[in-house]
Structure formats: structure tokens, C-alpha cells
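For reference, query11.tsv (TSV, C-alpha atoms):
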```
chain	number	residue	atom	x	y	z
R	1	MET	CA	-98.29	-56.58	6.13
R	2	ARG	CA	-99.10	-60.21	6.91
R	3	PRO	CA	-97.20	-61.97	9.72
R	4	ILE	CA	-94.65	-64.61	8.79
R	5	ALA	CA	-94.91	-68.14	10.15
R	6	SER	CA	-95.38	-68.12	13.92
R	7	ILE	CA	-92.71	-69.37	16.31
R	8	GLU	CA	-93.75	-72.18	18.62
R	9	GLY	CA	-93.53	-71.23	22.28
R	10	SER	CA	-94.10	-67.50	21.92
R	11	PRO	CA	-96.00	-65.90	24.82
R	12	THR	CA	-99.70	-65.42	24.20
R	13	ARG	CA	-99.56	-61.70	24.95
R	14	VAL	CA	-96.74	-59.14	24.86
R	15	THR	CA	-97.19	-55.44	25.55
R	16	VAL	CA	-94.59	-52.87	24.53
R	17	ILE	CA	-94.54	-49.53	26.32
R	18	GLY	CA	-93.12	-46.74	24.16
R	19	SER	CA	-93.66	-45.89	20.49
R	20	GLY	CA	-90.21	-44.58	19.64
R	21	SER	CA	-88.20	-46.35	16.97
R	22	TRP	CA	-87.05	-49.14	19.30
R	23	GLY	CA	-90.40	-49.80	20.95
R	24	THR	CA	-92.22	-49.81	17.61
R	25	THR	CA	-89.60	-52.16	16.15
R	26	LEU	CA	-89.85	-54.65	19.01
R	27	ALA	CA	-93.65	-54.63	18.87
R	28	ALA	CA	-93.64	-55.15	15.11
R	29	LEU	CA	-91.11	-57.98	15.43
R	30	VAL	CA	-93.26	-59.88	17.95
R	31	ALA	CA	-96.39	-59.38	15.84
R	32	ASP	CA	-94.54	-60.34	12.65
R	33	VAL	CA	-93.81	-63.84	13.94
R	34	GLY	CA	-97.38	-64.42	15.01
R	35	GLY	CA	-97.23	-63.34	18.63
R	36	ALA	CA	-100.11	-61.42	20.19
R	37	CYS	CA	-98.67	-57.96	20.72
R	38	VAL	CA	-99.96	-54.58	21.84
R	39	LEU	CA	-98.06	-51.32	21.45
R	40	TRP	CA	-98.99	-48.67	23.99
R	41	VAL	CA	-98.61	-45.11	22.72
R	42	HIS	CA	-98.48	-42.16	25.12
R	43	ASP	CA	-100.18	-39.65	22.81
R	44	PRO	CA	-103.78	-40.59	21.84
R	45	ILE	CA	-103.60	-38.65	18.56
R	46	GLU	CA	-100.38	-40.40	17.62
R	47	ALA	CA	-101.86	-43.76	18.60
R	48	ASP	CA	-104.88	-43.20	16.36
R	49	ALA	CA	-102.71	-42.08	13.43
R	50	MET	CA	-100.40	-45.11	13.74
R	51	ALA	CA	-103.35	-47.50	13.96
R	52	ARG	CA	-104.97	-46.02	10.84
R	53	ARG	CA	-101.84	-45.63	8.70
R	54	ARG	CA	-100.09	-48.78	9.95
R	55	GLU	CA	-96.90	-46.76	10.06
R	56	ASN	CA	-94.88	-44.77	12.60
R	57	THR	CA	-94.29	-41.75	10.38
R	58	ARG	CA	-92.32	-39.90	13.05
R	59	PHE	CA	-89.71	-42.51	13.95
R	60	LEU	CA	-89.89	-45.22	11.27
R	61	PRO	CA	-91.27	-43.61	8.11
R	62	GLY	CA	-91.68	-45.99	5.21
R	63	ILE	CA	-91.77	-49.15	7.38
R	64	PRO	CA	-95.23	-50.80	7.33
R	65	LEU	CA	-96.52	-52.20	10.61
R	66	PRO	CA	-98.09	-55.68	10.75
R	67	ASP	CA	-101.87	-55.82	10.61
R	68	THR	CA	-101.74	-58.11	13.65
R	69	LEU	CA	-100.16	-55.44	15.86
R	70	THR	CA	-102.65	-53.74	18.16
R	71	ILE	CA	-101.89	-50.05	18.75
R	72	THR	CA	-103.64	-48.21	21.57
R	73	HIS	CA	-103.48	-45.35	24.05
R	74	ASP	CA	-105.73	-47.24	26.51
R	75	ALA	CA	-103.31	-48.40	29.21
R	76	ALA	CA	-105.78	-50.73	30.93
R	77	ALA	CA	-106.57	-52.51	27.68
R	78	ALA	CA	-102.91	-52.62	26.64
R	79	LEU	CA	-101.79	-54.32	29.84
R	80	ASP	CA	-104.77	-56.56	30.46
R	81	GLY	CA	-103.50	-60.13	30.53
R	82	ALA	CA	-99.97	-59.23	29.41
R	83	GLU	CA	-97.44	-61.96	30.12
R	84	VAL	CA	-94.43	-59.93	29.00
R	85	VAL	CA	-94.21	-56.13	29.31
R	86	VAL	CA	-91.35	-54.47	27.43
R	87	LEU	CA	-90.34	-50.97	28.50
R	88	ALA	CA	-88.80	-49.08	25.58
R	89	VAL	CA	-88.87	-45.50	26.82
R	90	PRO	CA	-86.00	-43.07	27.51
R	91	MET	CA	-84.43	-43.51	30.95
R	92	ARG	CA	-85.61	-40.06	31.97
R	93	ARG	CA	-89.22	-41.12	31.26
R	94	LEU	CA	-89.07	-44.43	33.14
R	95	ALA	CA	-90.44	-43.18	36.46
R	96	GLU	CA	-93.37	-41.25	35.00
R	97	ASN	CA	-94.38	-44.18	32.81
R	98	LEU	CA	-94.27	-46.68	35.66
R	99	GLU	CA	-96.17	-44.31	37.93
R	100	ARG	CA	-98.81	-43.85	35.26
R	101	LEU	CA	-99.12	-47.50	34.26
R	102	GLY	CA	-98.20	-49.28	37.48
R	103	ARG	CA	-101.73	-49.99	38.66
R	104	TRP	CA	-102.45	-51.97	35.49
R	105	LEU	CA	-99.24	-54.02	35.44
R	106	PRO	CA	-100.12	-57.70	35.95
R	107	PRO	CA	-98.27	-58.82	39.12
R	108	SER	CA	-96.90	-61.94	37.43
R	109	ALA	CA	-95.85	-60.32	34.15
R	110	ILE	CA	-92.21	-60.47	33.07
R	111	LEU	CA	-90.83	-56.93	32.91
R	112	VAL	CA	-88.26	-56.39	30.17
R	113	SER	CA	-85.99	-53.36	29.90
R	114	GLY	CA	-85.17	-52.19	26.41
R	115	ILE	CA	-83.58	-49.07	27.91
R	116	LYS	CA	-79.88	-48.26	27.57
R	117	GLY	CA	-79.43	-45.67	30.30
R	118	LEU	CA	-78.36	-44.90	33.85
R	119	ASP	CA	-80.04	-42.64	36.38
R	120	PRO	CA	-77.99	-39.39	36.19
R	121	PRO	CA	-78.08	-38.40	39.90
R	122	THR	CA	-77.33	-41.85	41.32
R	123	GLY	CA	-75.90	-44.07	38.60
R	124	ALA	CA	-78.65	-46.62	39.24
R	125	ARG	CA	-79.27	-49.21	36.56
R	126	VAL	CA	-82.76	-49.69	35.11
R	127	SER	CA	-83.42	-52.80	37.19
R	128	GLU	CA	-82.49	-50.93	40.36
R	129	ALA	CA	-84.70	-47.98	39.48
R	130	MET	CA	-87.59	-50.26	38.55
R	131	ALA	CA	-87.32	-52.22	41.79
R	132	ASP	CA	-87.81	-48.99	43.74
R	133	LEU	CA	-90.71	-47.88	41.53
R	134	VAL	CA	-92.58	-51.16	41.13
R	135	GLY	CA	-91.99	-52.57	44.59
R	136	GLY	CA	-91.92	-56.22	45.55
R	137	LYS	CA	-89.37	-58.74	44.36
R	138	LEU	CA	-88.49	-57.88	40.78
R	139	THR	CA	-85.42	-60.08	40.24
R	140	ASP	CA	-87.33	-63.26	39.39
R	141	ARG	CA	-89.39	-61.61	36.64
R	142	PHE	CA	-86.99	-59.06	35.16
R	143	ALA	CA	-84.98	-59.24	31.95
R	144	VAL	CA	-82.91	-56.78	29.94
R	145	ILE	CA	-82.23	-56.81	26.21
R	146	SER	CA	-79.20	-55.14	24.64
R	147	GLY	CA	-76.93	-55.48	21.65
R	148	PRO	CA	-75.98	-53.88	18.34
R	149	ASN	CA	-79.61	-53.10	17.52
R	150	PHE	CA	-80.25	-50.17	15.18
R	151	ALA	CA	-84.04	-50.13	15.17
R	152	ARG	CA	-84.63	-49.23	11.54
R	153	GLU	CA	-82.45	-52.06	10.27
R	154	ILE	CA	-84.33	-54.62	12.38
R	155	ALA	CA	-87.69	-53.14	11.39
R	156	ALA	CA	-86.61	-53.59	7.77
R	157	ARG	CA	-85.85	-57.25	8.54
R	158	GLU	CA	-82.11	-56.95	8.18
R	159	PRO	CA	-80.08	-59.54	10.17
R	160	ALA	CA	-79.27	-58.67	13.79
R	161	ALA	CA	-78.85	-60.25	17.22
R	162	THR	CA	-79.28	-59.27	20.85
R	163	VAL	CA	-78.72	-60.56	24.38
R	164	VAL	CA	-81.53	-61.31	26.82
R	165	ALA	CA	-80.25	-61.34	30.40
R	166	SER	CA	-82.17	-62.47	33.47
R	167	ALA	CA	-81.36	-64.00	36.84
R	168	ASP	CA	-84.02	-66.61	36.04
R	169	PRO	CA	-83.17	-68.84	33.04
R	170	GLU	CA	-86.86	-69.49	32.32
R	171	VAL	CA	-87.56	-65.77	32.14
R	172	ALA	CA	-84.65	-65.31	29.73
R	173	ARG	CA	-85.89	-68.17	27.53
R	174	THR	CA	-89.44	-66.82	27.51
R	175	VAL	CA	-88.27	-63.42	26.28
R	176	GLN	CA	-85.88	-65.10	23.84
R	177	GLN	CA	-88.78	-66.98	22.25
R	178	ALA	CA	-90.94	-63.86	22.09
R	179	LEU	CA	-88.24	-62.01	20.14
R	180	ARG	CA	-87.22	-64.89	17.89
R	181	ALA	CA	-87.47	-64.20	14.16
R	182	PRO	CA	-85.67	-65.42	11.03
R	183	TRP	CA	-83.78	-62.11	10.85
R	184	PHE	CA	-83.36	-61.54	14.60
R	185	ARG	CA	-81.42	-63.87	16.89
R	186	ALA	CA	-81.55	-63.60	20.68
R	187	TYR	CA	-78.94	-65.13	23.00
R	188	THR	CA	-79.52	-65.62	26.72
R	189	SER	CA	-77.34	-64.57	29.65
R	190	ASP	CA	-77.58	-64.51	33.43
R	191	ASP	CA	-75.48	-61.34	33.76
R	192	VAL	CA	-78.09	-58.61	34.22
R	193	ILE	CA	-75.57	-56.16	35.69
R	194	GLY	CA	-73.11	-56.58	32.83
R	195	VAL	CA	-75.69	-56.31	30.04
R	196	GLU	CA	-77.30	-53.24	31.62
R	197	LEU	CA	-73.98	-51.47	32.13
R	198	ALA	CA	-72.60	-52.41	28.71
R	199	GLY	CA	-75.68	-51.08	26.95
R	200	SER	CA	-75.50	-47.80	28.82
R	201	LEU	CA	-71.76	-47.15	28.87
R	202	LYS	CA	-71.15	-47.83	25.18
R	203	ASN	CA	-73.31	-44.78	24.42
R	204	VAL	CA	-70.93	-42.58	26.40
R	205	ILE	CA	-67.94	-43.95	24.50
R	206	ALA	CA	-69.83	-43.47	21.22
R	207	ILE	CA	-70.06	-39.74	21.92
R	208	GLY	CA	-66.28	-39.75	22.18
R	209	ALA	CA	-65.99	-41.68	18.91
R	210	GLY	CA	-68.21	-39.09	17.26
R	211	MET	CA	-65.92	-36.38	18.57
R	212	ALA	CA	-62.92	-38.18	17.07
R	213	ASP	CA	-64.63	-38.43	13.70
R	214	GLY	CA	-65.76	-34.82	13.93
R	215	LEU	CA	-62.16	-33.75	14.43
R	216	ARG	CA	-61.07	-36.05	11.58
R	217	SER	CA	-58.78	-37.88	13.98
R	218	SER	CA	-56.66	-40.81	12.81
R	219	GLN	CA	-58.14	-44.29	12.70
R	220	ASN	CA	-55.45	-45.30	15.18
R	221	GLY	CA	-56.69	-42.69	17.60
R	222	LYS	CA	-60.31	-43.74	17.25
R	223	ALA	CA	-59.39	-47.39	17.75
R	224	VAL	CA	-57.51	-46.45	20.94
R	225	LEU	CA	-60.54	-44.52	22.22
R	226	MET	CA	-62.88	-47.43	21.58
R	227	THR	CA	-60.55	-50.02	23.08
R	228	ARG	CA	-59.72	-48.02	26.17
R	229	GLY	CA	-63.40	-47.17	26.47
R	230	LEU	CA	-64.14	-50.89	26.51
R	231	ALA	CA	-61.55	-51.29	29.27
R	232	GLU	CA	-63.31	-48.61	31.31
R	233	MET	CA	-66.68	-50.27	30.74
R	234	THR	CA	-65.27	-53.60	31.88
R	235	ARG	CA	-63.55	-52.12	34.94
R	236	LEU	CA	-66.78	-50.57	36.14
R	237	GLY	CA	-68.70	-53.74	35.38
R	238	VAL	CA	-66.29	-55.89	37.38
R	239	ALA	CA	-66.50	-53.51	40.34
R	240	ALA	CA	-70.32	-53.63	40.16
R	241	GLY	CA	-70.36	-57.44	40.13
R	242	ALA	CA	-70.65	-58.18	36.40
R	243	ASN	CA	-68.97	-60.95	34.46
R	244	PRO	CA	-66.07	-59.36	32.52
R	245	LEU	CA	-66.73	-61.70	29.57
R	246	THR	CA	-70.07	-59.99	28.99
R	247	PHE	CA	-68.18	-56.95	27.72
R	248	SER	CA	-66.58	-59.12	25.04
R	249	GLY	CA	-70.00	-60.14	23.73
R	250	LEU	CA	-72.88	-58.60	21.81
R	251	ALA	CA	-73.94	-56.19	24.56
R	252	GLY	CA	-70.36	-54.99	24.99
R	253	VAL	CA	-67.92	-54.94	22.10
R	254	GLY	CA	-70.64	-55.79	19.58
R	255	ASP	CA	-72.76	-52.78	20.44
R	256	LEU	CA	-69.66	-50.63	20.89
R	257	ILE	CA	-68.50	-51.34	17.32
R	258	ALA	CA	-71.92	-50.54	15.88
R	259	THR	CA	-72.53	-47.39	17.88
R	260	CYS	CA	-69.04	-45.93	17.58
R	261	GLY	CA	-68.71	-46.66	13.88
R	262	SER	CA	-72.04	-45.63	12.40
R	263	ALA	CA	-73.51	-42.27	11.47
R	264	LYS	CA	-76.90	-43.86	12.35
R	265	SER	CA	-75.96	-43.61	16.02
R	266	ARG	CA	-77.56	-40.70	17.87
R	267	ASN	CA	-74.70	-40.63	20.36
R	268	HIS	CA	-72.06	-40.59	17.64
R	269	TYR	CA	-73.96	-37.71	16.04
R	270	VAL	CA	-73.87	-35.69	19.27
R	271	GLY	CA	-70.12	-36.15	19.53
R	272	SER	CA	-69.45	-35.20	15.92
R	273	GLN	CA	-71.54	-32.04	16.27
R	274	LEU	CA	-69.78	-31.06	19.50
R	275	ALA	CA	-66.46	-31.41	17.67
R	276	GLN	CA	-67.72	-28.86	15.16
R	277	GLY	CA	-68.29	-26.35	17.94
R	278	ARG	CA	-72.07	-26.58	18.33
R	279	PRO	CA	-73.44	-26.28	21.90
R	280	LEU	CA	-75.00	-29.38	23.44
R	281	ASP	CA	-78.40	-27.77	24.08
R	282	GLU	CA	-78.71	-26.77	20.44
R	283	ILE	CA	-77.78	-30.24	19.22
R	284	THR	CA	-80.21	-32.14	21.45
R	285	ALA	CA	-83.05	-29.66	20.89
R	286	GLN	CA	-82.99	-30.43	17.16
R	287	MET	CA	-82.94	-34.22	17.58
R	288	VAL	CA	-86.15	-36.22	17.22
R	289	MET	CA	-84.83	-39.13	19.30
R	290	VAL	CA	-82.96	-39.14	22.61
R	291	ALA	CA	-79.19	-39.67	22.79
R	292	GLU	CA	-79.05	-41.69	26.02
R	293	GLY	CA	-75.27	-41.32	26.31
R	294	VAL	CA	-75.56	-37.68	27.38
R	295	GLU	CA	-77.37	-38.40	30.64
R	296	ALA	CA	-75.70	-41.80	31.01
R	297	ALA	CA	-72.37	-39.96	31.21
R	298	ARG	CA	-73.53	-38.32	34.45
R	299	GLY	CA	-74.80	-41.59	35.86
R	300	ALA	CA	-71.64	-43.46	34.90
R	301	LEU	CA	-69.48	-40.90	36.67
R	302	ARG	CA	-71.61	-41.12	39.83
R	303	LEU	CA	-71.40	-44.89	39.83
R	304	ALA	CA	-67.65	-44.88	39.19
R	305	GLN	CA	-67.10	-42.45	42.06
R	306	ARG	CA	-69.22	-44.57	44.38
R	307	LEU	CA	-67.33	-47.76	43.47
R	308	GLY	CA	-63.90	-46.11	43.37
R	309	VAL	CA	-63.29	-46.92	39.70
R	310	GLU	CA	-61.05	-44.77	37.52
R	311	MET	CA	-62.75	-43.85	34.22
R	312	PRO	CA	-60.78	-41.06	32.52
R	313	ILE	CA	-62.77	-41.10	29.27
R	314	VAL	CA	-66.09	-40.89	31.11
R	315	GLU	CA	-64.72	-38.12	33.33
R	316	LEU	CA	-63.63	-36.06	30.33
R	317	MET	CA	-66.92	-36.70	28.52
R	318	ASN	CA	-68.64	-35.08	31.47
R	319	VAL	CA	-66.32	-32.08	31.37
R	320	VAL	CA	-66.88	-31.61	27.63
R	321	LEU	CA	-70.64	-32.14	27.80
R	322	PHE	CA	-71.45	-30.13	30.88
R	323	GLU	CA	-68.54	-27.78	31.53
R	324	GLY	CA	-67.75	-26.66	28.01
R	325	MET	CA	-64.22	-27.99	27.57
R	326	PRO	CA	-63.20	-27.91	23.87
R	327	VAL	CA	-63.22	-31.36	22.31
R	328	SER	CA	-59.62	-31.01	21.09
R	329	GLU	CA	-58.40	-30.26	24.60
R	330	ALA	CA	-60.08	-33.38	25.97
R	331	GLY	CA	-58.18	-35.53	23.49
R	332	GLN	CA	-54.89	-33.92	24.46
R	333	ARG	CA	-55.56	-34.57	28.14
R	334	LEU	CA	-56.24	-38.24	27.51
R	335	MET	CA	-52.97	-38.66	25.63
R	336	ALA	CA	-51.04	-36.86	28.39
R	337	ARG	CA	-52.11	-39.26	31.16
R	338	GLU	CA	-49.55	-41.44	32.91
R	339	PRO	CA	-49.28	-44.90	31.26
R	340	SER	CA	-50.57	-47.98	33.07
R	341	HIS	CA	-50.90	-51.74	32.63
R	342	GLU	CA	-53.38	-52.48	29.83
R	343	LEU	CA	-55.45	-54.89	31.94
R	344	TRP	CA	-55.35	-52.92	35.17
R	345	GLY	CA	-58.60	-53.21	37.07
R	346	ILE	CA	-60.01	-56.06	34.96
R	347	GLY	CA	-60.24	-59.41	36.71
R	348	GLY	CA	-57.40	-58.51	39.06
R	349	GLN	CA	-54.97	-58.24	36.17
R	350	GLY	CA	-51.97	-55.92	36.30
R	351	GLN	CA	-51.27	-52.92	38.48
R	352	GLN	CA	-51.60	-49.23	37.84
R	353	SER	CA	-48.27	-47.69	36.98
```
As C-alpha cells, please, write out the structure in this file.
Amino acid sequence: MRPIASIEGSPTRVTVIGSGSWGTTLAALVADVGGACVLWVHDPIEADAMARRRENTRFLPGIPLPDTLTITHDAAAALDGAEVVVLAVPMRRLAENLERLGRWLPPSAILVSGIKGLDPPTGARVSEAMADLVGGKLTDRFAVISGPNFAREIAAREPAATVVASADPEVARTVQQALRAPWFRAYTSDDVIGVELAGSLKNVIAIGAGMADGLRSSQNGKAVLMTRGLAEMTRLGVAAGANPLTFSGLAGVGDLIATCGSAKSRNHYVGSQLAQGRPLDEITAQMVMVAEGVEAARGALRLAQRLGVEMPIVELMNVVLFEGMPVSEAGQRLMAREPSHELWGIGGQGQQS
């Protein structure tokens, strides 16, 4: 596949860490528009096969990779001179990847999180976990990308958009330019906390939406779950210091609509299978890709407890996922809760009642 016309202002070198569907898609997108891009692959056999076949047969079968994309298992070569390093690995693999690759990370490189997860034991966001692992001041060279981004659709050049958030506007614009393509639009934001939390929490709500669909619940009921889930996401975001408007944008309601409404969503799939009575371990063992919402549910609950935020949907997701409560019983408990003001806990609006 030949690259399309290059985009002026793209960084001279981007390295993507992680050859799952999302990492491969981001690397292919950068290379497609003429950017110099390297995809680092953990498994040397897999790296060799992808480089020869120009295809990720495991995660993106049938999608050709650009000839201009360099694919390697050599970490030193992959990171040499990188201006932007995109981490597209599961949250649970973040620490081991940074520990393995840290010595080759250029000290001035922009670090971009393509991860939609929370640390299960602590509720830490990716930027917080990375700051502890990388050391030094990370804020000025960190960005996060999130939005309604099904990897295969973007890899197939179907229209999509995302949000690039960074505390530094120049960092956000640099990443925005690197990811710019005729079929992929990136918007900038300064709300790192909000974009990180929105991308993680919507996966937890999507498990609930999958449960609703698995039980063949009414469309009214599913709409209530999604809307009240968005309220919970926003409440936690506000308590953590996020801009509540972020949850009305692409990283919030946009991603929530896509993930809760599509059978392509891994998290929706987990919920629908749980509703059919299958055990969680069996479901996840048979999945090729990781459903981040499972572990994010633990992290979200820890963070909510630490910040004193009420999140009844997240609480019940944890009980269903890890304590074996029947899905139907969880729905009944939600409906039996005492009513409250719709905007309670969001921007100081309303009072619990």
C-alpha cells in the first residue's frame, strides 16, 4: 500500500509501542500520511511475520499495512530518535513495557497514551502511573488520545475523530498533526484528567449496556443506563478536577454511544455474555483482545471511594463481575434505589434526595 499525500508539519519520527489492533492502526495511519513511523512488536516472530506479510493477521486480518511502516522487535532501533512515542498496550502491561523500554526512551520525546484503563488497585490514571514509572516531569510532554475509535474501521479508512489532550498546547498540536488524515480528524483539549477518565469509565458502562442487550431489556432501560452512566462518569471527573464539558464531547458521550451500542465493542460483548450466564473467566479466556472495562471497574471503584463519589452503576458492575451477582438482580437493585436530583454532583447542581 502506497502512502497518501503527506501532511505538512508531521513529526519526523513516531514510534508506536504495541501491535494490537489499536497500536497497529495508529502506526498505519501515521505512515499512510507520509510520516516516518515505527511499530514496535513484543514478539520477534510476530514482528517478522508482520513485516513480511504487511498485515497483522491476528488483530487486523485483511487490512494491508503501508510499505512505509517499519515493523521491528528491536527496541533500541524502534526508539532511536523518536519524537513522539505512542503507548497502545493494555493497562495491565503498561509497567512491564515501560520497565523494558525505559532506557531507550528519548528524554525529550512526547509520550502519548492510547490506553483506556485505570490501575485496578489504586484507580490511578495512565498519566499518574507513567509519571511514577518514567520519573521526572512528565506533564509537559504527555498527551492522551481517546474517542469513538473502533480500530478496524479507522484502519479501513472509514471516517472517525478523536481528542488529543495535553497540558501543553504545543504538545497537543504536535500529536494532532501526526494523527491527521483525510478520514481521521483529531481535536485538541487541555483536559487530560477528563479525557483519561472518560475513555476508561465508558468501558465499564459499556459492560452494563451489553448486559442490558443480553437480557433483551427495553430501549428505554438501556438509554437510562447509558445516561445515568454518563452522569456517574461526569461526577467522578468533576471530583478529580476534570472539566464537566469534556464528558459531553468525543471522549465522553461520543465514545459512550459507540461502545455501548455496537457489537464490535469488547466490553459490550463481555456484558452480553455475562447476561447469558457465562462466567467471566471463561469469557475473557476466549477473547483475543483485552476488554479494559473489566479491570477499569475495579480502578473506578477505588477512585470513587477515595474521592467520596457515589457511583451505583460502577459499584454493581463490580459485584456482578467479581462477586457473582446475577445480572438480572443488578438491574433490579438499580431501579430500586432512592430517587435523586438528575444533576446532583455535577458542577454543584442539585442536591441528593
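The coordinates place atom CA of Leu230 of chain R at 18.1 Å from atom CA of Arg302 of chain R.
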If we count only C-alpha atoms and set the cut-off at 12 Å, which residues sit around Arg333 of chain R, ignoring sequence neighbours fewer than 2 positions away in its own chain? Please answer as a PyMOL selection string. chain R and resi 312-313+315-317+319-320+325-331+335-338
Proximity of segment 25-101 of chain R to segment 150-156 of chain R: per-residue shortest pair, 12 Å limit, only C-alpha atoms, as a Markdown table:
```
| residue | atom | partner | partner_atom | distance |
| --- | --- | --- | --- | --- |
| R:Thr25 | CA | R:Ala155 | CA | 5.2 |
| R:Leu26 | CA | R:Ala155 | CA | 8.1 |
| R:Ala27 | CA | R:Ala155 | CA | 9.7 |
| R:Ala28 | CA | R:Ala155 | CA | 7.3 |
| R:Leu29 | CA | R:Ala155 | CA | 7.2 |
| R:Val30 | CA | R:Ala155 | CA | 10.9 |
| R:Ala31 | CA | R:Ala155 | CA | 11.6 |
| R:Asp32 | CA | R:Ala155 | CA | 10.0 |
| R:Glu55 | CA | R:Ala155 | CA | 11.3 |
| R:Asn56 | CA | R:Ala155 | CA | 11.1 |
| R:Phe59 | CA | R:Arg152 | CA | 8.8 |
| R:Leu60 | CA | R:Arg152 | CA | 6.6 |
| R:Pro61 | CA | R:Arg152 | CA | 9.4 |
| R:Gly62 | CA | R:Ala156 | CA | 9.5 |
| R:Ile63 | CA | R:Ala156 | CA | 6.8 |
| R:Pro64 | CA | R:Ala155 | CA | 8.9 |
| R:Leu65 | CA | R:Ala155 | CA | 8.9 |
| R:Pro66 | CA | R:Ala155 | CA | 10.7 |
| R:Ala88 | CA | R:Ala151 | CA | 11.5 |
```
Test item: residues at most 12 Å from Asn203 of chain R, all atoms listed in the file, excluding those fewer than 4 positions along its chain, as a PyMOL selection string: chain R and resi 115-118+146-148+196-199+207-210+226+229-230+233+251-253+255-261+265-271+290-300+314+317
Tell me which protein, DNA and RNA residues are within 7 Å of segment 78-87 of chain R, counting all atoms listed in the file, leaving out same-chain ones fewer than 3 positions away, and put them as a PDB file with C-alpha atoms, in the frame of the given file.
```pdb
ATOM      1  CA  PRO R  11     -96.000 -65.900  24.820  1.00  0.00           C
ATOM      2  CA  ARG R  13     -99.560 -61.700  24.950  1.00  0.00           C
ATOM      3  CA  VAL R  14     -96.740 -59.140  24.860  1.00  0.00           C
ATOM      4  CA  THR R  15     -97.190 -55.440  25.550  1.00  0.00           C
ATOM      5  CA  VAL R  16     -94.590 -52.870  24.530  1.00  0.00           C
ATOM      6  CA  ILE R  17     -94.540 -49.530  26.320  1.00  0.00           C
ATOM      7  CA  GLY R  18     -93.120 -46.740  24.160  1.00  0.00           C
ATOM      8  CA  VAL R  38     -99.960 -54.580  21.840  1.00  0.00           C
ATOM      9  CA  TRP R  40     -98.990 -48.670  23.990  1.00  0.00           C
ATOM     10  CA  THR R  72    -103.640 -48.210  21.570  1.00  0.00           C
ATOM     11  CA  ASP R  74    -105.730 -47.240  26.510  1.00  0.00           C
ATOM     12  CA  ALA R  75    -103.310 -48.400  29.210  1.00  0.00           C
ATOM     13  CA  TRP R 104    -102.450 -51.970  35.490  1.00  0.00           C
ATOM     14  CA  LEU R 105     -99.240 -54.020  35.440  1.00  0.00           C
ATOM     15  CA  PRO R 106    -100.120 -57.700  35.950  1.00  0.00           C
ATOM     16  CA  ALA R 109     -95.850 -60.320  34.150  1.00  0.00           C
ATOM     17  CA  ILE R 110     -92.210 -60.470  33.070  1.00  0.00           C
ATOM     18  CA  LEU R 111     -90.830 -56.930  32.910  1.00  0.00           C
ATOM     19  CA  VAL R 112     -88.260 -56.390  30.170  1.00  0.00           C
ATOM     20  CA  SER R 113     -85.990 -53.360  29.900  1.00  0.00           C
ATOM     21  CA  GLY R 114     -85.170 -52.190  26.410  1.00  0.00           C
TER      22      GLY R 114
END
```
Would you mind telling me which residue in R:Phe322, R:Phe184, R:Trp22, R:Phe247 lies nearest to Ile346 of chain R when using only C-alpha atoms? R:Phe247
Write out as a PyMOL selection string each polymer residue whose atoms come within 8 Å of segment 306-308 of chain R, counting all atoms listed in the file; drop sequence neighbours fewer than 5 positions from it. chain R and resi 236+239-240
Around all of segment 203-211 of chain R's listed atoms, make the axis-aligned box with 6 Å on each side and tell me centre and edge lengths in Å to one decimal, as JSON.
```
{"center_x": -69.6, "center_y": -40.6, "center_z": 21.8, "size_x": 19.4, "size_y": 20.4, "size_z": 21.1}
```
Selected residue, from R:Arg157, R:Arg58, R:Arg52, R:Lys222, that lies nearest to Thr70 of chain R when counting only C-alpha atoms: R:Arg52
Pairwise distance, atom CA of Val164 of chain R with atom CA of Gly249 of chain R, equals 12.0 Å
